[in-house]
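For reference, the structure discussed in these notes is given below.
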Amino acid sequence: MLIRPATPVDVPAVQVMVDKICALHEAWDPAKFGFLPNPGQRYQRWLIAQAKNERSVFLVAEADRIESEPPPQLIAFLIATTEEEIPIYRLQEFGFIHDLWVEPEYRSLGIARQMVQAALARFREIGVQQVRLDTATANDTARHLFTTCGFRPSSVEMLIELEAN
């Protein structure tokens with residue numbers, strides 16, 4: 001397995017995984033994650049831009065293969081950006097991990113951990129001093145992973161649905 005920076009050529013394969021992660025999130029909480037149709041397709045331009053952005057971290061993992069095999073199969077991705085903080089805080093910017101997906105048949109092999117560690121290393125290289133992320137309440141596995149990578153809870157987002165008048 002090879003973890004490497006994504007390129008615009010990788011985006012179509014990542015879009016398939018985006019659709020999967022969006023479906024999972026929507027199943028967990030449709031009020032929070034109520035996606036428009038074809039979220040992977042809607043991500044296309046943004047993903048291409050992040051693949052070219054030196055201040056973003058967009059990683060993909062390729063399955064192991066033999067040299068004579070067809071092009072590598074992407075089995076995971078991580079997308080993170082550098083965000084500006086609002087000007088009332090001392091911290092001026094932070095990294096934000098938007099999505100991390102590993103195909104089910106490749107889970108529990110340490111791929112997600114390696115991708116998170118690679119993302120943190122890249123953020124350090126570009127001078128980002130803090131990295132944040134959100135996890136779905138139902139995603140105990142992700143919270144455990146991120147905790148073992150050094151993340152800690154910092155706030156709790158809450159949601160209420162209001163009926164229209």
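The chains in the structure tokens are called A, B, ... from first to last as shown; in each chain the residues are counted from 1, and the ligands are counted from 1 in the order shown.
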Those of chain A in DSSP alpha helix (DSSP H), formatted as a ChimeraX atom specification: /A:11-28,39-52,111-125,140-148
Please report as CSV every residue of range 69-111 of chain A lying within 10 Å of range 29-52 of chain A, along with the nearest atom pair and their distance in Å (one decimal), using only C-alpha atoms.
residue,atom,partner,partner_atom,distance
A:Ile79,CA,A:Gln50,CA,8.1
A:Ala80,CA,A:Gln50,CA,8.4
A:Thr81,CA,A:Gln50,CA,7.6
Residue set, range 2-165 of chain A restricted to strand (DSSP E), as a PyMOL selection string: chain A and resi 2-5+57-62+74-84+93-102+131-133
Closest pair table for range 14-107 of chain A residues within 7 Å of range 133-138 of chain A, only C-alpha atoms, as a Markdown table:
| residue | atom | partner | partner_atom | distance |
| --- | --- | --- | --- | --- |
| A:Trp28 | CA | A:Ala138 | CA | 6.5 |
| A:Phe96 | CA | A:Leu133 | CA | 5.5 |
| A:Ile97 | CA | A:Leu133 | CA | 5.1 |
| A:His98 | CA | A:Leu133 | CA | 6.6 |
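Among the candidates A:Leu145, A:Pro71, A:Ile88, A:Pro12, the one nearest to Ser108 in chain A when counting only C-alpha atoms is A:Leu145.
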Shell of 9 Å around Trp101 in chain A, only C-alpha atoms, local chain residues under 5 positions omitted, as a ChimeraX atom specification: /A:17-18,20-21,75-78,112
